[in-house]
file query01.cif (mmCIF, C-alpha atoms)
data_protein
#
loop_
_atom_site.label_atom_id
_atom_site.label_comp_id
_atom_site.auth_asym_id
_atom_site.auth_seq_id
_atom_site.Cartn_x
_atom_site.Cartn_y
_atom_site.Cartn_z
CA MET A 1 125.36 30.87 74.70
CA ALA A 2 123.55 28.82 77.25
CA GLU A 3 126.18 26.08 77.56
CA LYS A 4 128.84 26.52 80.20
CA VAL A 5 132.27 27.28 78.78
CA SER A 6 135.38 27.57 80.90
CA ASN A 7 137.03 30.96 81.26
CA LYS A 8 140.21 29.53 79.81
CA SER A 9 138.58 28.47 76.57
CA VAL A 10 136.76 31.81 76.40
CA LEU A 11 140.14 33.50 76.49
CA LEU A 12 142.11 31.12 74.28
CA ASN A 13 139.65 29.89 71.66
CA PRO A 14 139.75 33.11 69.62
CA PHE A 15 143.48 32.71 69.09
CA SER A 16 143.12 29.78 66.78
CA LYS A 17 140.00 27.58 66.59
CA ASN A 18 137.61 30.49 66.64
CA ASN A 19 139.80 33.34 65.44
CA PRO A 20 137.65 36.34 64.47
CA VAL A 21 139.69 37.17 61.37
CA ILE A 22 140.79 33.89 59.84
CA VAL A 23 137.90 31.65 60.93
CA GLN A 24 134.93 33.97 61.25
CA VAL A 25 136.41 36.34 58.64
CA LEU A 26 135.28 39.50 60.44
CA GLY A 27 137.04 42.86 60.58
CA ILE A 28 138.78 42.33 57.25
CA CYS A 29 138.50 45.98 56.21
CA SER A 30 140.81 47.28 58.92
CA VAL A 31 143.24 44.45 58.23
CA LEU A 32 143.60 45.81 54.70
CA ALA A 33 143.93 49.38 55.81
CA VAL A 34 146.43 49.51 58.66
CA THR A 35 148.87 46.70 57.91
CA ALA A 36 151.17 48.33 55.35
CA LYS A 37 153.51 48.96 58.27
CA LEU A 38 154.02 47.02 61.48
CA GLU A 39 153.72 49.87 63.97
CA PRO A 40 150.18 51.01 63.14
CA ALA A 41 149.16 47.34 63.05
CA ILE A 42 150.38 46.90 66.63
CA VAL A 43 148.72 50.11 67.85
CA MET A 44 145.49 49.22 66.08
CA GLY A 45 145.60 45.77 67.68
CA ILE A 46 146.11 47.21 71.16
CA SER A 47 143.33 49.75 70.59
CA VAL A 48 140.88 47.06 69.51
CA ILE A 49 141.80 44.88 72.50
CA ALA A 50 141.18 47.81 74.86
CA VAL A 51 137.92 48.90 73.26
CA LEU A 52 136.61 45.34 72.96
CA ALA A 53 137.50 44.34 76.52
CA PHE A 54 136.03 47.43 78.15
CA SER A 55 132.91 47.62 76.01
CA ASN A 56 132.32 43.93 76.74
CA VAL A 57 132.61 44.60 80.49
CA ILE A 58 130.36 47.66 80.40
CA ILE A 59 127.69 45.96 78.33
CA SER A 60 127.89 42.88 80.52
CA LEU A 61 127.48 44.99 83.67
CA ILE A 62 124.35 46.70 82.38
CA ARG A 63 123.05 43.75 80.34
CA ASN A 64 120.10 43.12 82.64
CA THR A 65 118.94 46.74 82.55
CA ILE A 66 119.07 47.28 78.78
CA PRO A 67 115.63 47.45 77.15
CA THR A 68 115.66 44.81 74.42
CA ASN A 69 114.35 47.02 71.64
CA ILE A 70 117.20 49.54 71.91
CA ARG A 71 120.04 47.19 72.82
CA ILE A 72 121.96 47.74 69.58
CA ILE A 73 121.79 51.51 70.09
CA VAL A 74 123.05 51.15 73.65
CA GLN A 75 125.92 48.97 72.43
CA LEU A 76 126.78 51.51 69.75
CA VAL A 77 126.78 54.43 72.19
CA VAL A 78 129.12 52.61 74.56
CA VAL A 79 131.47 51.53 71.77
CA ALA A 80 131.48 54.95 70.13
CA GLY A 81 132.25 56.62 73.46
CA LEU A 82 135.18 54.30 74.13
CA VAL A 83 136.53 54.67 70.60
CA VAL A 84 136.52 58.45 70.82
CA ILE A 85 138.34 58.27 74.15
CA VAL A 86 140.99 55.96 72.65
CA ASP A 87 141.33 58.33 69.69
CA GLN A 88 141.84 61.29 72.03
CA LEU A 89 144.42 59.40 74.06
CA LEU A 90 146.36 58.46 70.92
CA LYS A 91 146.31 62.06 69.72
CA ALA A 92 147.67 63.19 73.06
CA TYR A 93 150.34 60.56 73.61
CA THR A 94 151.32 58.98 70.28
CA TYR A 95 150.67 61.76 67.79
CA ASP A 96 152.57 60.27 64.84
CA VAL A 97 150.78 56.94 65.09
CA SER A 98 147.41 58.63 65.42
CA LYS A 99 148.15 60.59 62.24
CA GLN A 100 148.76 57.33 60.38
CA LEU A 101 145.73 55.58 61.81
CA SER A 102 143.54 58.69 61.55
CA VAL A 103 140.15 57.53 60.33
CA PHE A 104 140.70 53.86 61.08
CA ILE A 105 140.48 54.35 64.83
CA GLY A 106 137.07 55.93 64.31
CA LEU A 107 136.17 52.96 62.17
CA ILE A 108 136.71 50.58 65.08
CA ILE A 109 133.09 51.47 65.83
CA THR A 110 132.01 49.69 62.69
CA ASN A 111 134.33 46.73 63.22
CA CYS A 112 132.00 43.76 63.05
CA ILE A 113 134.03 41.88 65.66
CA LEU A 114 132.90 44.38 68.28
CA MET A 115 129.20 44.28 67.65
CA GLY A 116 129.43 40.53 67.19
CA ARG A 117 131.05 39.94 70.57
CA LEU A 118 128.76 42.37 72.38
CA GLU A 119 125.65 40.83 70.92
CA ALA A 120 126.75 37.20 71.11
CA PHE A 121 128.68 37.14 74.35
CA ALA A 122 128.51 40.17 76.61
CA MET A 123 124.71 40.37 76.51
CA ALA A 124 124.52 36.88 78.01
CA ASN A 125 127.52 36.55 80.30
CA LYS A 126 128.96 37.93 83.53
CA PRO A 127 131.56 40.74 83.42
CA TRP A 128 134.66 38.64 84.11
CA PRO A 129 134.12 36.08 81.31
CA SER A 130 133.09 38.97 79.06
CA PHE A 131 136.34 40.76 79.83
CA LEU A 132 138.31 37.62 78.98
CA ASP A 133 136.29 37.17 75.82
CA GLY A 134 137.09 40.74 74.80
CA ILE A 135 140.81 40.29 75.49
CA GLY A 136 140.82 36.95 73.65
CA ASN A 137 139.02 38.14 70.55
CA GLY A 138 140.93 41.43 70.47
CA ALA A 139 144.22 39.56 70.76
CA GLY A 140 143.17 37.05 68.12
CA TYR A 141 142.51 39.98 65.81
CA ALA A 142 145.74 41.73 66.81
CA ILE A 143 147.86 38.65 66.11
CA ILE A 144 146.61 38.40 62.54
CA LEU A 145 147.12 42.13 62.10
CA ILE A 146 150.70 41.86 63.33
CA ILE A 147 151.51 38.81 61.16
CA VAL A 148 150.13 40.56 58.06
CA GLY A 149 151.88 43.84 58.98
CA PHE A 150 155.15 41.96 59.52
CA PHE A 151 155.18 40.42 56.05
CA ARG A 152 153.89 43.49 54.26
CA GLU A 153 156.45 45.83 55.82
CA LEU A 154 159.31 43.33 55.46
CA LEU A 155 158.66 42.50 51.81
CA GLY A 156 157.20 45.84 50.78
CA SER A 157 159.58 48.29 52.41
CA GLY A 158 162.48 46.10 53.62
CA THR A 159 162.04 47.51 57.13
CA LEU A 160 160.46 46.44 60.42
CA LEU A 161 159.06 49.08 62.78
CA GLY A 162 160.86 51.59 60.57
CA TYR A 163 164.32 49.98 60.98
CA THR A 164 165.97 48.67 57.84
CA VAL A 165 166.38 44.91 58.13
CA VAL A 166 167.13 43.88 54.55
CA PRO A 167 170.90 44.35 54.32
CA GLN A 168 172.31 46.67 51.69
CA TRP A 169 174.19 43.88 49.85
CA CYS A 170 170.84 42.32 48.95
CA TYR A 171 169.92 45.49 47.11
CA ASP A 172 173.39 45.61 45.58
CA HIS A 173 172.78 42.13 44.16
CA GLY A 174 169.54 43.12 42.50
CA TYR A 175 166.93 42.57 45.24
CA VAL A 176 164.08 45.10 45.09
CA ASN A 177 161.26 45.76 47.51
CA ASN A 178 157.91 44.52 46.26
CA GLY A 179 155.80 47.66 45.91
CA LEU A 180 152.70 45.54 45.46
CA MET A 181 152.94 44.43 49.11
CA ILE A 182 152.18 47.99 50.24
CA LEU A 183 148.94 48.13 48.27
CA PRO A 184 145.71 46.84 49.84
CA PRO A 185 145.17 43.75 47.64
CA MET A 186 148.24 42.06 49.10
CA ALA A 187 146.71 42.25 52.59
CA LEU A 188 143.88 40.05 51.37
CA ILE A 189 146.30 37.64 49.76
CA VAL A 190 148.45 37.44 52.91
CA VAL A 191 145.32 36.86 55.03
CA ALA A 192 144.25 34.16 52.58
CA CYS A 193 147.66 32.49 52.90
CA ILE A 194 147.33 32.55 56.70
CA ILE A 195 143.88 31.00 56.44
CA TRP A 196 145.26 28.35 54.12
CA VAL A 197 148.09 27.37 56.46
CA HIS A 198 145.76 27.51 59.45
CA ARG A 199 143.24 25.14 57.86
CA LEU A 200 146.02 22.78 56.81
CA LEU A 201 147.02 22.49 60.45
CA ASN A 202 143.44 22.22 61.76
CA LYS A 203 141.70 19.37 59.99
CA ASP A 204 138.41 19.93 61.84
CA LEU A 205 138.04 23.41 60.30
CA GLN A 206 138.19 22.12 56.73
CA GLU A 207 134.91 22.17 54.88
CA ASP A 208 134.03 19.47 52.40
CA MET B 1 109.31 47.66 86.83
CA ASN B 2 108.54 47.04 83.19
CA LYS B 3 111.83 47.28 81.34
CA GLN B 4 110.19 47.24 77.94
CA SER B 5 107.95 50.25 78.58
CA ASN B 6 108.44 53.40 76.52
CA ILE B 7 109.12 55.55 79.60
CA TYR B 8 111.83 53.23 80.88
CA THR B 9 113.43 53.06 77.44
CA THR B 10 113.43 56.83 77.01
CA ILE B 11 114.85 57.56 80.45
CA TYR B 12 117.42 54.81 80.02
CA ILE B 13 118.83 56.17 76.79
CA ILE B 14 118.82 59.77 78.07
CA VAL B 15 120.79 58.81 81.17
CA LEU B 16 123.19 56.70 79.13
CA VAL B 17 123.87 59.47 76.65
CA LEU B 18 124.40 61.98 79.46
CA ILE B 19 126.94 59.72 81.16
CA VAL B 20 128.84 58.97 77.94
CA GLY B 21 128.70 62.64 76.92
CA THR B 22 130.15 63.74 80.25
CA ALA B 23 132.93 61.19 79.98
CA LEU B 24 133.82 62.40 76.47
CA ALA B 25 133.76 66.06 77.45
CA ALA B 26 135.99 65.35 80.44
CA THR B 27 138.52 63.43 78.30
CA SER B 28 138.56 66.11 75.67
CA LEU B 29 139.12 68.89 78.21
CA ALA B 30 141.80 66.97 80.06
CA LEU B 31 143.80 66.19 76.91
CA ARG B 32 143.25 69.30 74.81
CA ASP B 33 146.45 71.14 75.81
CA ARG B 34 148.57 68.10 75.12
CA GLN B 35 146.96 67.49 71.74
CA GLN B 36 147.40 71.12 70.72
CA ALA B 37 151.04 70.99 71.77
CA ASN B 38 151.50 67.88 69.63
CA ALA B 39 149.84 69.49 66.63
CA ASP B 40 151.95 72.65 67.03
CA ALA B 41 155.17 70.65 67.35
CA ASP B 42 154.25 68.72 64.23
CA LYS B 43 153.72 71.96 62.31
CA MET B 44 157.10 73.26 63.54
CA ARG B 45 158.71 70.02 62.40
CA GLN B 46 157.27 70.46 58.91
CA ILE B 47 158.36 74.10 58.66
CA LEU B 48 161.91 73.19 59.70
CA ALA B 49 161.94 70.20 57.35
CA ALA B 50 161.56 72.56 54.38
CA ALA B 51 164.89 74.13 55.37
CA HIS B 52 166.50 70.68 55.73
CA ILE B 53 166.48 70.88 59.52
CA THR B 54 165.29 67.59 61.00
CA PRO B 55 165.63 67.62 64.78
CA PRO B 56 164.68 64.60 66.94
CA ALA B 57 161.20 64.72 68.43
CA ASP B 58 162.19 66.19 71.79
CA GLU B 59 164.22 69.06 70.29
CA ILE B 60 161.68 70.34 67.77
CA ILE B 61 160.46 73.26 69.86
CA SER B 62 163.93 74.41 70.93
CA ASP B 63 165.23 74.11 67.36
CA TYR B 64 162.22 75.98 66.04
CA THR B 65 162.69 78.90 68.43
CA ARG B 66 166.42 78.95 67.64
CA HIS B 67 166.10 78.89 63.84
CA ILE B 68 162.86 80.76 63.14
CA ILE B 69 163.95 84.26 64.08
CA GLU B 70 160.95 86.07 62.71
CA THR B 71 157.43 85.32 61.56
CA LYS B 72 155.24 87.80 59.80
CA VAL B 73 151.96 88.07 57.97
CA ILE B 74 151.86 89.91 54.65
CA ASN B 75 149.20 90.71 52.08
CA SER B 76 149.36 90.27 48.34
CA LYS B 77 150.89 93.75 47.93
CA GLY B 78 153.85 92.63 50.00
CA GLU B 79 152.96 94.83 52.99
CA THR B 80 153.33 93.47 56.50
CA ILE B 81 150.01 93.26 58.34
CA GLU B 82 149.00 92.39 61.89
CA GLY B 83 148.65 88.78 62.89
CA ASP B 84 150.22 85.60 64.20
CA ALA B 85 151.74 83.81 61.22
CA PHE B 86 151.92 80.45 63.00
CA ALA B 87 148.21 80.44 63.84
CA ILE B 88 147.02 81.20 60.30
CA ASP B 89 144.99 78.38 58.76
CA VAL B 90 146.55 78.10 55.32
CA ALA B 91 143.84 75.68 54.19
CA ALA B 92 141.22 78.40 54.60
CA GLN B 93 143.40 81.16 53.13
CA VAL B 94 144.07 79.46 49.79
CA LYS B 95 140.34 79.42 49.06
CA LEU B 96 140.14 83.24 49.23
CA PRO B 97 140.88 85.58 46.32
CA ALA B 98 144.57 86.45 46.26
CA ASP B 99 144.11 90.08 47.38
CA GLN B 100 142.21 89.08 50.52
CA ARG B 101 144.63 86.46 51.73
CA ARG B 102 146.73 86.70 54.86
CA LEU B 103 150.07 85.19 53.93
CA PRO B 104 152.44 83.79 56.56
CA VAL B 105 156.20 84.06 56.15
CA PHE B 106 158.65 82.23 58.40
CA VAL B 107 162.16 83.64 58.38
CA CYS B 108 164.68 80.97 59.23
CA ARG B 109 168.33 81.48 60.12
CA LEU B 110 170.54 78.47 59.48
CA ASP B 111 173.53 77.58 61.61
CA ASN B 112 175.76 79.23 59.01
CA ASP B 113 173.78 82.52 59.40
CA GLN B 114 172.13 82.29 55.98
CA LEU B 115 168.53 83.52 55.92
CA LYS B 116 165.82 81.37 54.34
CA TYR B 117 162.22 82.39 53.78
CA ILE B 118 159.72 79.59 54.34
CA LEU B 119 156.28 79.84 52.73
CA PRO B 120 153.37 77.44 53.27
CA ALA B 121 151.31 75.87 50.47
CA TYR B 122 148.05 73.96 50.52
CA GLY B 123 146.13 72.19 47.77
CA ALA B 124 144.34 69.06 46.67
CA GLY B 125 145.79 65.70 45.66
CA LEU B 126 143.87 62.74 44.32
CA TRP B 127 142.17 61.50 47.51
CA GLY B 128 142.47 64.41 49.87
CA PRO B 129 144.43 67.52 50.80
CA ILE B 130 148.15 67.91 50.20
CA TRP B 131 150.29 70.62 51.71
CA GLY B 132 153.86 71.66 52.00
CA TYR B 133 156.44 74.29 52.86
CA ILE B 134 158.90 75.87 50.46
CA ALA B 135 162.13 77.40 51.73
CA LEU B 136 163.59 80.15 49.55
CA ASP B 137 167.05 81.68 49.52
CA ALA B 138 167.41 85.33 50.48
CA ASP B 139 167.06 86.30 46.79
CA GLY B 140 163.38 85.35 46.99
CA SER B 141 163.64 83.15 43.93
CA THR B 142 165.94 80.16 44.38
CA ILE B 143 164.37 77.21 46.19
CA TYR B 144 166.53 75.95 49.04
CA GLY B 145 164.28 73.09 50.10
CA ALA B 146 160.74 71.78 49.90
CA TYR B 147 158.60 69.67 52.17
CA PHE B 148 155.39 68.01 51.04
CA ALA B 149 152.85 65.96 52.95
CA HIS B 150 149.48 64.45 52.20
CA GLN B 151 146.54 63.00 54.02
CA GLY B 152 145.70 59.88 52.07
CA GLU B 153 147.44 59.59 48.71
CA THR B 154 148.07 56.07 47.41
CA PRO B 155 151.15 54.52 49.05
CA GLY B 156 153.90 53.90 46.53
CA LEU B 157 152.29 56.19 43.94
CA GLY B 158 150.92 59.63 44.88
CA ALA B 159 152.27 59.29 48.41
CA GLU B 160 155.80 59.45 46.96
CA ILE B 161 155.52 63.26 46.95
CA GLU B 162 156.56 63.23 50.60
CA LYS B 163 159.74 61.29 49.86
CA PRO B 164 163.10 63.13 49.67
CA LYS B 165 163.55 61.93 46.08
CA PHE B 166 160.67 64.14 44.96
CA CYS B 167 161.15 67.02 47.42
CA ASN B 168 164.84 67.37 46.59
CA GLU B 169 164.07 67.84 42.90
CA PHE B 170 162.91 71.33 43.80
CA THR B 171 166.22 72.45 45.26
CA GLY B 172 167.94 75.02 43.08
CA LYS B 173 164.90 75.79 40.91
CA HIS B 174 163.93 79.43 40.42
CA LEU B 175 160.56 81.08 40.96
CA PHE B 176 161.57 84.09 38.84
CA LYS B 177 162.66 83.61 35.26
CA ASN B 178 163.96 86.82 33.60
CA ASP B 179 162.17 88.81 36.35
CA ILE B 180 158.85 87.14 35.54
CA PHE B 181 157.21 85.21 38.35
CA MET B 182 156.55 81.59 37.37
CA PRO B 183 155.95 78.96 40.04
CA ILE B 184 157.60 75.61 39.43
CA ALA B 185 155.70 73.34 37.06
CA VAL B 186 155.35 69.63 37.77
CA VAL B 187 155.30 67.63 34.55
CA LYS B 188 155.34 63.98 33.51
CA ALA B 189 158.85 62.59 33.45
CA GLY B 190 160.43 63.27 30.08
CA GLN B 191 158.13 66.14 29.15
CA VAL B 192 158.73 69.87 29.38
CA PRO B 193 156.21 72.60 30.25
CA GLN B 194 154.86 74.92 27.57
CA GLY B 195 156.41 78.06 29.03
CA ASP B 196 160.06 78.34 29.96
CA GLU B 197 159.49 78.09 33.72
CA ASP B 198 161.58 75.75 35.83
CA TYR B 199 160.03 72.33 36.23
CA VAL B 200 160.44 69.06 38.07
CA ASP B 201 159.43 65.54 37.08
CA GLY B 202 156.21 64.31 38.62
CA VAL B 203 155.84 60.98 40.38
CA SER B 204 155.24 58.15 37.92
CA GLY B 205 151.85 56.58 38.59
CA GLY B 206 150.88 59.62 40.64
CA THR B 207 149.87 61.90 37.82
CA ILE B 208 146.93 63.58 39.53
CA THR B 209 148.81 64.05 42.79
CA SER B 210 151.78 65.50 40.89
CA LYS B 211 149.51 67.84 39.00
CA GLY B 212 148.00 68.77 42.38
CA VAL B 213 151.44 69.77 43.62
CA GLY B 214 151.93 72.03 40.61
CA ASP B 215 148.52 73.64 41.02
CA MET B 216 149.08 74.02 44.75
CA LEU B 217 152.38 75.83 44.22
CA SER B 218 150.87 78.09 41.59
CA ASN B 219 147.83 78.97 43.71
CA SER B 220 149.63 79.29 47.05
CA LEU B 221 152.80 81.08 45.95
CA THR B 222 151.46 83.53 43.37
CA PRO B 223 150.13 86.00 46.01
CA TYR B 224 153.67 86.23 47.40
CA GLU B 225 154.96 87.68 44.13
CA ALA B 226 155.11 91.29 45.32
CA TYR B 227 156.78 90.34 48.57
CA LEU B 228 159.35 88.13 46.84
CA LYS B 229 160.17 90.97 44.43
CA THR B 230 161.06 93.21 47.38
CA LEU B 231 163.33 90.45 48.64
CA SER B 232 165.14 90.11 45.36
CA ALA B 233 165.52 93.89 45.14
CA LYS B 234 167.45 93.93 48.41
#
call {"tool": "encode", "arguments": {"input": "query01.cif", "output": "structure tokens"}}
result
Amino acid sequence: MAEKVSNKSVLLNPFSKNNPVIVQVLGICSVLAVTAKLEPAIVMGISVIAVLAFSNVIISLIRNTIPTNIRIIVQLVVVAGLVVIVDQLLKAYTYDVSKQLSVFIGLIITNCILMGRLEAFAMANKPWPSFLDGIGNGAGYAIILIIVGFFRELLGSGTLLGYTVVPQWCYDHGYVNNGLMILPPMALIVVACIIWVHRLLNKDLQED
Amino acid sequence: MNKQSNIYTTIYIIVLVLIVGTALAATSLALRDRQQANADADKMRQILAAAHITPPADEIISDYTRHIIETKVINSKGETIEGDAFAIDVAAQVKLPADQRRLPVFVCRLDNDQLKYILPAYGAGLWGPIWGYIALDADGSTIYGAYFAHQGETPGLGAEIEKPKFCNEFTGKHLFKNDIFMPIAVVKAGQVPQGDEDYVDGVSGGTITSKGVGDMLSNSLTPYEAYLKTLSAK
């Protein structure tokens, strides 16, 4: 990370060219778990953005004081602390959502995107670029989560954010919700479809 | 200063852990009341849901205090004992032998002045705990409504036990058949239980969860037998 990159590209690259989910293929496990409905996907996305941005800033602030041989432990302590705080806040202010997300918030700690960004970016950059990097990568992750959640809830339950959007006459004419969309395998398939479309549009990402 | 020395490393991690620990303790203390209030309100919502009362989120507490006119704790002989029914941890109680259990009863008065008796149940599904509340008519036998919930059953399969389609099957079933206490059996669709107890169809594809519901009802409701008999005698 020695080369100089502009703040703008630090913030915007993760949305498409360097997206953590569909290009680096990190954090797939939580994409499977929380995207059966749109609302938990959105909350999970926001939580990851918050945790990633603040842990990036904190690690970046103390990066020059961290002893090299325990740096991973220091990163873990900071991330775990932030995750627990987010979990507590969700329990206090959005109880229903926190019930749905339950263990997955705790599992943000093990989300590879976090450790990856801390190790690859925050340890070597100033707080402000690190903050932008956290926001960018978190948002890149959140966008994929929301796209997957959108299709899974729409096709699997016929609702969006809990509101019925598939009109009743569709059901009257024989349309049925696809129960398979609610099950985890379809999250992988939807992610794969997104990757497919994304690579079609970005020739330079295609491997030989 | 040598940042790679053992002393520096040790002091560094101790200070870091102290700071993070303090921050966590402060958050937890600051939010505890709110979290407890949320958890309580959620429990009230579930209790009311068994009696088909589904208030919006901001009216749960007022509706609960209006409808639940009495709560009591009984033992397996049907005698009322000391205690706060709402605070009883049903999950811990169902693991005890029946004669040592403290059994909560929530007496609910509907808008039409009918009395319903709401009993909690707790058991195991396929992946984790399942629980529910059963509302009984004043005869102590006829089921007025049922509410089931689960922690992590498979969506679309076992998780269907929380859907109205499954819960409403219980309405109108009887716990007493010819004065013999027989909790509702949950069987595969199309089958009938061996005894002549009332039964409902399980969720297709959710066999183990459905069986869990049956076992939960049997284990959780059986200690109420004596109490329910006194109700039906009235």
call {"tool": "interface_residues", "arguments": {"input": "query01.cif", "of": "chain B", "to": "chain A", "cutoff": "6 Å", "atoms": "all atoms listed in the file", "output": "list of chain:residue names"}}
result
B:Lys3, B:Gln4, B:Arg34, B:Gln35
call {"tool": "write_last_selection", "arguments": {"input": "query01.cif", "atoms": "C-alpha atoms", "output": "mmCIF file, in the frame of the given file"}}
result
data_model
loop_
_atom_site.group_PDB
_atom_site.id
_atom_site.type_symbol
_atom_site.label_atom_id
_atom_site.label_comp_id
_atom_site.auth_asym_id
_atom_site.auth_seq_id
_atom_site.Cartn_x
_atom_site.Cartn_y
_atom_site.Cartn_z
ATOM 1 C CA LYS B 3 111.830 47.280 81.340
ATOM 2 C CA GLN B 4 110.190 47.240 77.940
ATOM 3 C CA ARG B 34 148.570 68.100 75.120
ATOM 4 C CA GLN B 35 146.960 67.490 71.740
#
call {"tool": "closest_residue", "arguments": {"input": "query01.cif", "among": "A:Arg152, A:His173, A:Arg63, A:Lys203", "to": "A:Asn125", "atoms": "all atoms listed in the file"}}
result
A:Arg63
call {"tool": "atom_distance", "arguments": {"input": "query01.cif", "atom1": "atom CA of A:Val97", "atom2": "atom CA of B:Val105"}}
result
29.1 Å
call {"tool": "atom_distance", "arguments": {"input": "query01.cif", "atom1": "atom CA of A:Leu52", "atom2": "atom CA of A:Phe131"}}
result
8.3 Å
call {"tool": "closest_residue", "arguments": {"input": "query01.cif", "among": "B:Pro55, B:Ala26, B:Tyr224, B:Ala185", "to": "B:Lys211", "atoms": "only C-alpha atoms"}}
result
B:Ala185
call {"tool": "closest_residue", "arguments": {"input": "query01.cif", "among": "A:Leu26, A:Cys170, A:Ile59, A:Val10", "to": "A:Ile144", "atoms": "only C-alpha atoms"}}
result
A:Leu26
call {"tool": "resolve_selection", "arguments": {"input": "query01.cif", "expression": "the PyMOL selection byres ((chain B and resi 90) around 8)", "output": "ChimeraX atom specification"}}
result
/B:88-89,91-94,120-122
call {"tool": "closest_residue", "arguments": {"input": "query01.cif", "among": "B:Lys234, B:Pro223, B:Asn6, B:Asp139", "to": "B:Arg102", "atoms": "only C-alpha atoms"}}
result
B:Pro223
call {"tool": "closest_residue", "arguments": {"input": "query01.cif", "among": "A:Lys8, A:Gly134, A:Leu107, A:Phe150", "to": "A:Gly162", "atoms": "all atoms listed in the file"}}
result
A:Phe150
call {"tool": "residues_around", "arguments": {"input": "query01.cif", "residues": "A:Glu39", "least_positions_apart": "3", "cutoff": "9 Å", "atoms": "only C-alpha atoms", "output": "ChimeraX atom specification"}}
result
/A:35,42-44,97,146,149,160-162
call {"tool": "residues_around", "arguments": {"input": "query01.cif", "residues": "B:Thr71", "least_positions_apart": "2", "cutoff": "12 Å", "atoms": "only C-alpha atoms", "output": "VMD selection string"}}
result
chain B and resid 47 64 to 65 67 to 69 73 to 74 80 to 88 103 to 109 116 to 119
call {"tool": "write_last_selection", "arguments": {"input": "query01.cif", "atoms": "C-alpha atoms", "output": "PDB file, in the frame of the given file"}}
result
ATOM      1  CA  ILE B  47     158.360  74.100  58.660  1.00  0.00           C
ATOM      2  CA  TYR B  64     162.220  75.980  66.040  1.00  0.00           C
ATOM      3  CA  THR B  65     162.690  78.900  68.430  1.00  0.00           C
ATOM      4  CA  HIS B  67     166.100  78.890  63.840  1.00  0.00           C
ATOM      5  CA  ILE B  68     162.860  80.760  63.140  1.00  0.00           C
ATOM      6  CA  ILE B  69     163.950  84.260  64.080  1.00  0.00           C
ATOM      7  CA  VAL B  73     151.960  88.070  57.970  1.00  0.00           C
ATOM      8  CA  ILE B  74     151.860  89.910  54.650  1.00  0.00           C
ATOM      9  CA  THR B  80     153.330  93.470  56.500  1.00  0.00           C
ATOM     10  CA  ILE B  81     150.010  93.260  58.340  1.00  0.00           C
ATOM     11  CA  GLU B  82     149.000  92.390  61.890  1.00  0.00           C
ATOM     12  CA  GLY B  83     148.650  88.780  62.890  1.00  0.00           C
ATOM     13  CA  ASP B  84     150.220  85.600  64.200  1.00  0.00           C
ATOM     14  CA  ALA B  85     151.740  83.810  61.220  1.00  0.00           C
ATOM     15  CA  PHE B  86     151.920  80.450  63.000  1.00  0.00           C
ATOM     16  CA  ALA B  87     148.210  80.440  63.840  1.00  0.00           C
ATOM     17  CA  ILE B  88     147.020  81.200  60.300  1.00  0.00           C
ATOM     18  CA  LEU B 103     150.070  85.190  53.930  1.00  0.00           C
ATOM     19  CA  PRO B 104     152.440  83.790  56.560  1.00  0.00           C
ATOM     20  CA  VAL B 105     156.200  84.060  56.150  1.00  0.00           C
ATOM     21  CA  PHE B 106     158.650  82.230  58.400  1.00  0.00           C
ATOM     22  CA  VAL B 107     162.160  83.640  58.380  1.00  0.00           C
ATOM     23  CA  CYS B 108     164.680  80.970  59.230  1.00  0.00           C
ATOM     24  CA  ARG B 109     168.330  81.480  60.120  1.00  0.00           C
ATOM     25  CA  LYS B 116     165.820  81.370  54.340  1.00  0.00           C
ATOM     26  CA  TYR B 117     162.220  82.390  53.780  1.00  0.00           C
ATOM     27  CA  ILE B 118     159.720  79.590  54.340  1.00  0.00           C
ATOM     28  CA  LEU B 119     156.280  79.840  52.730  1.00  0.00           C
TER      29      LEU B 119
END
call {"tool": "resolve_selection", "arguments": {"input": "query01.cif", "expression": "the PyMOL selection byres ((chain B and resi 165-168) around 10)", "output": "PDB file with C-alpha atoms, in the coordinates of the input"}}
result
ATOM      1  CA  ALA B  50     161.560  72.560  54.380  1.00  0.00           C
ATOM      2  CA  HIS B  52     166.500  70.680  55.730  1.00  0.00           C
ATOM      3  CA  GLY B 132     153.860  71.660  52.000  1.00  0.00           C
ATOM      4  CA  ILE B 134     158.900  75.870  50.460  1.00  0.00           C
ATOM      5  CA  ILE B 143     164.370  77.210  46.190  1.00  0.00           C
ATOM      6  CA  TYR B 144     166.530  75.950  49.040  1.00  0.00           C
ATOM      7  CA  GLY B 145     164.280  73.090  50.100  1.00  0.00           C
ATOM      8  CA  ALA B 146     160.740  71.780  49.900  1.00  0.00           C
ATOM      9  CA  TYR B 147     158.600  69.670  52.170  1.00  0.00           C
ATOM     10  CA  PHE B 148     155.390  68.010  51.040  1.00  0.00           C
ATOM     11  CA  GLU B 160     155.800  59.450  46.960  1.00  0.00           C
ATOM     12  CA  ILE B 161     155.520  63.260  46.950  1.00  0.00           C
ATOM     13  CA  GLU B 162     156.560  63.230  50.600  1.00  0.00           C
ATOM     14  CA  LYS B 163     159.740  61.290  49.860  1.00  0.00           C
ATOM     15  CA  PRO B 164     163.100  63.130  49.670  1.00  0.00           C
ATOM     16  CA  GLU B 169     164.070  67.840  42.900  1.00  0.00           C
ATOM     17  CA  PHE B 170     162.910  71.330  43.800  1.00  0.00           C
ATOM     18  CA  THR B 171     166.220  72.450  45.260  1.00  0.00           C
ATOM     19  CA  GLY B 172     167.940  75.020  43.080  1.00  0.00           C
ATOM     20  CA  VAL B 200     160.440  69.060  38.070  1.00  0.00           C
ATOM     21  CA  ASP B 201     159.430  65.540  37.080  1.00  0.00           C
ATOM     22  CA  GLY B 202     156.210  64.310  38.620  1.00  0.00           C
ATOM     23  CA  VAL B 203     155.840  60.980  40.380  1.00  0.00           C
ATOM     24  CA  SER B 210     151.780  65.500  40.890  1.00  0.00           C
TER      25      SER B 210
END
